[in-house]
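A.B. asks: My structure is in work06.txt, and what it holds is compact mmCIF, C-alpha atoms:
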```txt
# COMPACT_ATOMS: atom_id res chain seq x y z
CA MET A 1108 116.05 165.13 153.45
CA LEU A 1109 119.87 165.17 153.23
CA ASN A 1110 120.01 161.53 154.29
CA LYS A 1111 117.59 160.56 151.49
CA LYS A 1112 119.71 162.39 148.89
CA ALA A 1113 122.79 160.52 150.06
CA GLN A 1114 120.89 157.23 149.79
CA VAL A 1115 119.70 158.02 146.26
CA SER A 1116 123.22 158.88 145.08
CA GLU A 1117 124.60 155.69 146.63
CA ILE A 1118 121.92 153.58 144.91
CA MET A 1119 122.59 155.37 141.60
CA THR A 1120 126.28 154.44 141.85
CA TRP A 1121 125.41 150.76 142.24
CA VAL A 1122 122.79 150.86 139.49
CA ILE A 1123 125.24 152.43 137.02
CA ALA A 1124 127.97 150.00 138.08
CA THR A 1125 125.57 147.08 137.51
CA ILE A 1126 124.59 148.37 134.07
CA ILE A 1127 128.27 148.75 133.11
CA ILE A 1128 129.12 145.23 134.33
CA ILE A 1129 126.15 143.66 132.51
CA SER A 1130 126.88 145.54 129.27
CA ILE A 1131 130.56 144.48 129.38
CA LEU A 1132 129.43 140.89 129.93
CA LEU A 1133 127.00 141.10 127.01
CA VAL A 1134 129.75 142.46 124.74
CA PHE A 1135 132.00 139.54 125.72
CA VAL A 1136 129.23 136.96 125.20
CA TYR A 1137 128.55 138.40 121.73
CA ALA A 1138 132.28 138.51 120.93
CA SER A 1139 132.77 134.88 121.95
CA SER A 1140 129.87 133.71 119.79
CA LEU A 1141 131.22 135.78 116.87
CA LEU A 1142 134.67 134.30 117.44
CA ALA A 1143 133.21 130.79 117.38
CA GLN A 1144 131.50 131.51 114.05
CA LYS A 1145 134.64 132.94 112.46
CA THR A 1146 137.32 130.64 113.79
CA LYS A 1147 135.61 127.28 113.82
CA ILE A 1148 135.85 126.79 110.05
CA ILE A 1149 138.61 124.35 109.21
CA LYS A 1150 140.13 123.96 105.75
CA ALA A 1151 142.90 121.66 104.60
CA THR A 1152 145.25 124.64 104.32
CA ASP A 1153 144.78 125.26 108.05
CA LEU A 1154 146.26 121.89 108.87
CA LYS A 1155 149.95 122.61 108.83
CA ILE A 1156 152.01 119.50 108.48
CA ASP A 1157 155.36 119.72 110.22
CA LEU A 1158 157.42 119.66 107.04
CA GLY A 1159 158.22 123.34 106.93
CA LYS A 1160 155.80 123.91 104.04
CA GLU A 1161 152.29 123.12 102.91
CA VAL A 1162 151.75 119.78 101.16
CA ASP A 1163 149.29 119.71 98.28
CA LEU A 1164 148.63 116.27 96.85
CA LEU A 1165 147.24 117.49 93.52
CA GLU A 1166 150.17 119.88 93.14
CA THR A 1167 152.47 116.90 93.57
CA LYS A 1168 150.53 114.97 90.92
CA ASN A 1169 150.88 117.92 88.55
CA LEU A 1170 154.62 118.03 89.16
CA ILE A 1171 154.90 114.33 88.32
CA ALA A 1172 152.85 114.88 85.14
CA TYR A 1173 155.08 117.86 84.29
CA ASP A 1174 158.11 115.60 84.61
CA LEU A 1175 156.60 113.07 82.18
CA ALA A 1176 155.25 115.67 79.73
CA SER A 1177 156.64 116.71 76.37
CA GLU A 1178 157.46 120.38 75.72
CA ASN A 1179 153.97 121.12 74.37
CA GLU A 1180 152.31 119.38 77.28
CA GLU A 1181 154.54 121.21 79.76
CA GLU A 1182 153.23 124.44 78.29
CA ILE A 1183 149.62 123.25 78.71
CA ILE A 1184 150.24 122.38 82.37
CA LYS A 1185 151.98 125.73 83.01
CA ASN A 1186 149.15 127.71 81.40
CA TRP A 1187 146.48 125.80 83.30
CA GLU A 1188 148.28 126.31 86.61
CA GLU A 1189 148.64 130.04 85.93
CA GLU A 1190 144.94 130.31 85.11
CA ASN A 1191 143.96 128.49 88.28
CA GLU A 1192 146.29 130.26 90.70
CA MET B 550 122.53 151.81 163.97
CA LEU B 551 119.70 149.58 162.80
CA ASN B 552 119.57 151.38 159.46
CA LYS B 553 123.33 150.86 158.96
CA LYS B 554 122.96 147.12 159.57
CA GLY B 555 120.20 146.99 156.92
CA GLY B 556 122.45 148.80 154.40
CA GLY B 557 125.23 146.28 154.95
CA LYS B 558 122.82 143.42 154.23
CA ILE B 559 121.65 145.05 151.01
CA ILE B 560 125.25 145.52 149.83
CA ALA B 561 126.09 141.90 150.69
CA MET B 562 123.01 140.83 148.74
CA TYR B 563 124.09 143.06 145.84
CA TRP B 564 127.54 141.46 145.73
CA PHE B 565 125.95 138.05 145.77
CA VAL B 566 123.69 138.97 142.85
CA MET B 567 126.67 140.45 140.97
CA LEU B 568 128.63 137.28 141.55
CA ILE B 569 125.80 135.22 140.04
CA ILE B 570 125.49 137.61 137.08
CA ILE B 571 129.25 137.50 136.36
CA ALA B 572 129.40 133.71 136.75
CA GLY B 573 126.38 133.44 134.43
CA GLY B 574 128.10 135.72 131.91
CA ILE B 575 131.29 133.64 131.94
CA PHE B 576 129.21 130.48 131.55
CA ALA B 577 127.36 132.05 128.59
CA MET B 578 130.68 133.00 126.93
CA VAL B 579 132.18 129.53 127.31
CA TYR B 580 128.93 127.86 126.25
CA SER B 581 128.48 130.01 123.14
CA PHE B 582 132.07 129.31 122.03
CA TYR B 583 132.28 125.58 122.75
CA HIS B 584 128.68 124.78 121.80
CA HIS B 585 129.34 126.07 118.27
CA PRO B 586 130.32 123.13 116.05
CA TYR B 587 133.48 123.06 113.96
CA ASP B 588 132.73 123.51 110.25
CA VAL B 589 134.84 120.83 108.57
CA ARG B 590 132.86 120.53 105.34
CA GLU B 591 135.51 122.13 103.13
CA LEU B 592 138.16 119.99 104.76
CA GLU B 593 136.00 116.91 104.17
CA ALA B 594 135.53 117.90 100.51
CA GLU B 595 139.29 118.38 100.08
CA ILE B 596 140.04 115.01 101.69
CA MET B 597 137.53 113.42 99.30
CA ILE B 598 139.28 115.09 96.31
CA ASN B 599 142.66 113.77 97.47
CA HIS B 600 141.23 110.27 97.92
CA ILE B 601 139.64 110.32 94.45
CA ALA B 602 142.85 111.68 92.87
CA ASP B 603 144.85 108.91 94.50
CA CYS B 604 142.40 106.32 93.21
CA LEU B 605 142.45 107.68 89.64
CA SER B 606 146.14 108.28 89.18
CA ASN B 607 149.37 106.84 90.49
CA LYS B 608 152.90 108.00 89.59
CA GLY B 609 151.51 110.17 86.82
CA GLU B 610 149.60 107.32 85.14
CA LEU B 611 145.82 106.97 85.13
CA ASN B 612 144.34 103.86 86.72
CA SER B 613 144.30 101.14 84.05
CA GLU B 614 140.81 100.03 85.18
CA LEU B 615 139.50 103.35 83.87
CA PHE B 616 139.96 102.12 80.31
CA ASN B 617 138.80 99.23 78.21
CA GLU B 618 139.40 98.45 74.53
CA GLU B 619 136.93 101.12 73.42
CA GLY B 620 138.23 103.92 75.63
CA PHE B 621 136.88 105.01 79.01
CA SER B 622 135.17 102.19 80.84
CA GLN B 623 131.50 102.72 81.67
CA ASN B 624 131.76 99.80 84.04
CA PHE B 625 134.37 101.63 86.13
CA SER B 626 132.09 104.65 86.26
CA GLU B 627 129.11 102.59 87.39
CA ASN B 628 131.10 100.88 90.16
CA PHE B 629 133.16 103.97 90.94
CA LEU B 630 132.34 104.13 94.66
CA GLY B 631 133.26 100.48 95.16
CA ASN B 632 136.36 100.71 92.96
CA CYS B 633 137.69 103.71 94.89
CA HIS B 634 136.50 102.47 98.28
CA ILE B 635 134.28 105.48 98.89
CA ASN B 636 131.32 105.01 101.20
CA LEU B 637 128.90 107.93 100.93
CA GLY B 638 126.46 106.11 103.23
CA VAL B 639 128.70 106.26 106.26
CA GLU B 640 126.63 109.00 107.91
CA GLU B 641 123.29 108.26 109.54
CA VAL B 642 121.72 110.78 107.18
CA TRP B 643 121.40 108.05 104.62
CA GLN B 644 119.69 105.69 106.97
CA LYS B 645 116.00 105.62 107.69
CA ASN B 646 114.80 106.41 111.16
CA PHE B 647 112.16 103.69 111.46
CA ASP B 648 111.06 104.69 114.96
CA VAL B 649 109.44 107.90 113.81
CA GLU B 650 108.84 106.63 110.27
CA GLU B 651 110.69 109.45 108.61
CA GLU B 652 114.14 109.74 107.19
CA ALA B 653 116.77 111.52 109.23
CA TRP B 654 117.58 115.03 107.89
CA GLY B 655 114.84 114.57 105.33
CA GLY B 656 116.69 111.57 103.92
CA GLU B 657 118.53 113.84 101.53
CA PRO B 658 121.98 112.56 100.54
CA GLN B 659 124.66 114.92 101.85
CA TYR B 660 127.43 114.40 99.30
CA TYR B 661 128.02 114.93 95.62
CA LEU B 662 131.10 114.22 93.57
CA GLN B 663 131.80 114.84 89.90
CA ILE B 664 134.89 113.98 87.90
CA ASN B 665 135.49 115.31 84.40
CA PHE B 666 138.22 114.09 82.11
CA TYR B 667 139.56 116.46 79.45
CA ASN B 668 141.98 115.59 76.73
CA ALA B 669 144.99 117.93 76.95
CA ILE B 670 144.40 118.92 73.30
CA ASN B 671 140.99 120.34 74.16
CA LEU B 672 140.51 121.53 77.73
CA GLU B 673 137.04 122.91 76.99
CA ASN B 674 135.05 119.76 76.32
CA SER B 675 134.95 116.88 78.74
CA VAL B 676 135.53 113.45 77.15
CA PHE B 677 134.26 111.43 80.11
CA GLU B 678 132.34 112.13 83.29
CA ILE B 679 131.69 110.32 86.52
CA SER B 680 129.18 111.68 89.01
CA LYS B 681 127.74 110.24 92.20
CA GLY B 682 125.56 111.49 95.05
CA ASN B 683 122.98 114.23 95.32
CA LEU B 684 122.92 116.38 92.15
CA ASN B 685 120.77 119.05 93.87
CA LEU B 686 123.77 120.11 95.93
CA VAL B 687 125.40 121.62 92.82
CA ALA B 688 122.75 124.35 92.65
CA ASP B 689 123.10 124.86 96.40
CA TRP B 690 126.86 125.34 95.98
CA ASN B 691 126.58 127.53 92.84
CA ILE B 692 124.48 130.11 94.71
CA GLN B 693 127.61 131.10 96.61
CA GLU B 694 129.57 132.41 93.62
CA GLU B 695 129.10 136.02 94.71
CA LYS B 696 128.38 135.68 98.41
CA GLU B 697 129.11 132.90 100.84
CA TYR B 698 126.15 131.61 102.82
CA LYS B 699 126.47 129.75 106.07
CA ARG B 700 123.74 127.16 105.64
CA THR B 701 124.37 126.10 102.05
CA ALA B 702 126.52 123.21 100.88
CA LYS B 703 130.28 123.67 100.73
CA GLY B 704 132.29 122.46 97.78
CA VAL B 705 135.82 122.30 96.48
CA GLU B 706 136.93 122.03 92.86
CA ASP B 707 140.45 121.12 91.84
CA GLY B 708 142.26 119.37 89.05
CA PHE B 709 145.45 117.64 88.00
CA PHE B 710 147.13 116.22 84.92
CA SER B 711 147.83 112.56 84.33
CA PHE B 712 148.78 110.24 81.49
CA ASN B 713 147.29 107.23 79.80
CA GLY B 714 150.12 105.98 77.63
CA GLU B 715 150.98 108.88 75.35
CA ASP B 716 147.78 110.85 75.96
CA MET B 717 147.70 113.48 78.66
CA TYR B 718 144.40 114.20 80.45
CA LEU B 719 143.25 116.94 82.77
CA ILE B 720 141.08 115.52 85.53
CA LYS B 721 138.82 118.02 87.25
CA ILE B 722 137.20 116.91 90.48
CA LEU B 723 134.31 118.64 92.22
CA THR B 724 133.15 117.49 95.65
CA ILE B 725 130.28 119.02 97.59
CA VAL B 726 129.30 118.34 101.18
CA LYS B 727 126.09 119.60 102.76
CA LYS B 728 125.78 118.33 106.35
CA THR B 729 124.75 121.74 107.67
CA GLU B 730 123.01 120.16 110.66
CA LYS B 731 126.33 118.86 111.95
CA ASN B 732 128.61 121.72 110.99
CA VAL B 733 126.60 124.93 111.33
CA LYS B 734 124.55 126.26 114.17
```
The structure given in the file should be rewritten as structure tokens.
C.D. replies:
Amino acid sequence: MLNKKAQVSEIMTWVIATIIIISILLVFVYASSLLAQKTKIIKATDLKIDLGKEVDLLETKNLIAYDLASENEEEIIKNWEEENE
Amino acid sequence: MLNKKGGGKIIAMYWFVMLIIIAGGIFAMVYSFYHHPYDVRELEAEIMINHIADCLSNKGELNSELFNEEGFSQNFSENFLGNCHINLGVEEVWQKNFDVEEEAWGGEPQYYLQINFYNAINLENSVFEISKGNLNLVADWNIQEEKEYKRTAKGVEDGFFSFNGEDMYLIKILTIVKKTEKNVK
């Protein structure tokens, strides 16, 4: 009788250990799939060019236009940029 | 003695099973991460905007081919893809799959681009428009105003100012890319 009890408690230890290991594994599998969904979206802003700052082509074009613009037109460009920030 | 030997075998078997389970778990983690495709649709849309902007304007001046004696050239608009060296048919999605007699991905074009020109005096009403590709993608993209959905088309809208002689124009470019089959799982 005593021997059987000891066997049952030993088996229970392994069963609980197995459940813990499997549940930890499942959490990690879920986390890795979640991570893949969240991190595998690439935008142009993610591509850092080694110039110390971000390079935006359209921003550059606006700066050139700003340089060529009259006072009134400069105001239009400024207002539009503020609205679209 | 015999019973003890049996117990040892069971434990060895248990460790073996655990080893398989853990190895399987690690495999599942790596597989679920690396099997997930990179979503580069927004990047693709932004690259397309940059390419179009470069084609339309250089050093602050609009491309002279955009205009004829009467104003904006309809001919440029009609041959826009050729003039700007844009090939929307580069993906197999545009090609028919003759083996199974159906078009790949339903044969639906996966890109849309729209360019609106506004005179700086009136930024509300567009004076000229160029649009190419699948117009249905606009509705697909508009759905996401409040909430972003994974399987709908991704789009980017941006604009810049440029000159034609003395006149300043605002050029707004919208590009939409669908290609969910390649970018979303």
A.B. asks: Would you kindly report the residues of chain B within 9 Å of chain A, using only C-alpha atoms, as number ranges by chain?
C.D. replies: B: 563, 567, 570-571, 574-575, 577-593, 595-596, 598-599, 602-603, 606-610, 669-670, 707-712, 717, 719, 732-734
A.B. asks: Work out how far apart atom CA of Glu678 of chain B and atom CA of Ser613 of chain B are and give it in Å to one decimal.
C.D. replies: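 A separation of 16.3 Å between them.
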A.B. asks: What does the distance from atom CA of Gln659 of chain B to atom CA of Lys727 of chain B come to in Å, to one decimal?
C.D. replies: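 Interatomic distance here is 5.0 Å.
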A.B. asks: Contacts of Thr729 of chain B at 8 Å or less, counting all atoms listed in the file, minus same-chain residues fewer than 6 places along, as a PyMOL selection string?
C.D. replies: chain B and resi 700-702
A.B. asks: So that I can check the surroundings of Thr724 of chain B, please list as a list of chain:residue names every protein, DNA and RNA residue that reaches within 8 Å of it, counting only C-alpha atoms and ignoring chain neighbours fewer than 3 positions away.
C.D. replies: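 With the cut-off at 8 Å, the set is B:Ala594, B:Glu595, B:Met597, B:Ile598, B:Tyr660, B:Tyr661, B:Leu662, B:Gln663, B:Gly704, B:Val705, B:Glu706.
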A.B. asks: So how many Å separate atom CA of Asn713 of chain B and atom CA of Phe621 of chain B, to one decimal?
C.D. replies: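 About the pair atom CA of Asn713 of chain B and atom CA of Phe621 of chain B: they are 10.7 Å apart.
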A.B. asks: B:Ile635, B:Ile722, B:Leu630, B:Val687: which is nearest Ser675 of chain B, counting only C-alpha atoms?
C.D. replies: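 Selected residue with least distance to Ser675 of chain B: B:Ile722.
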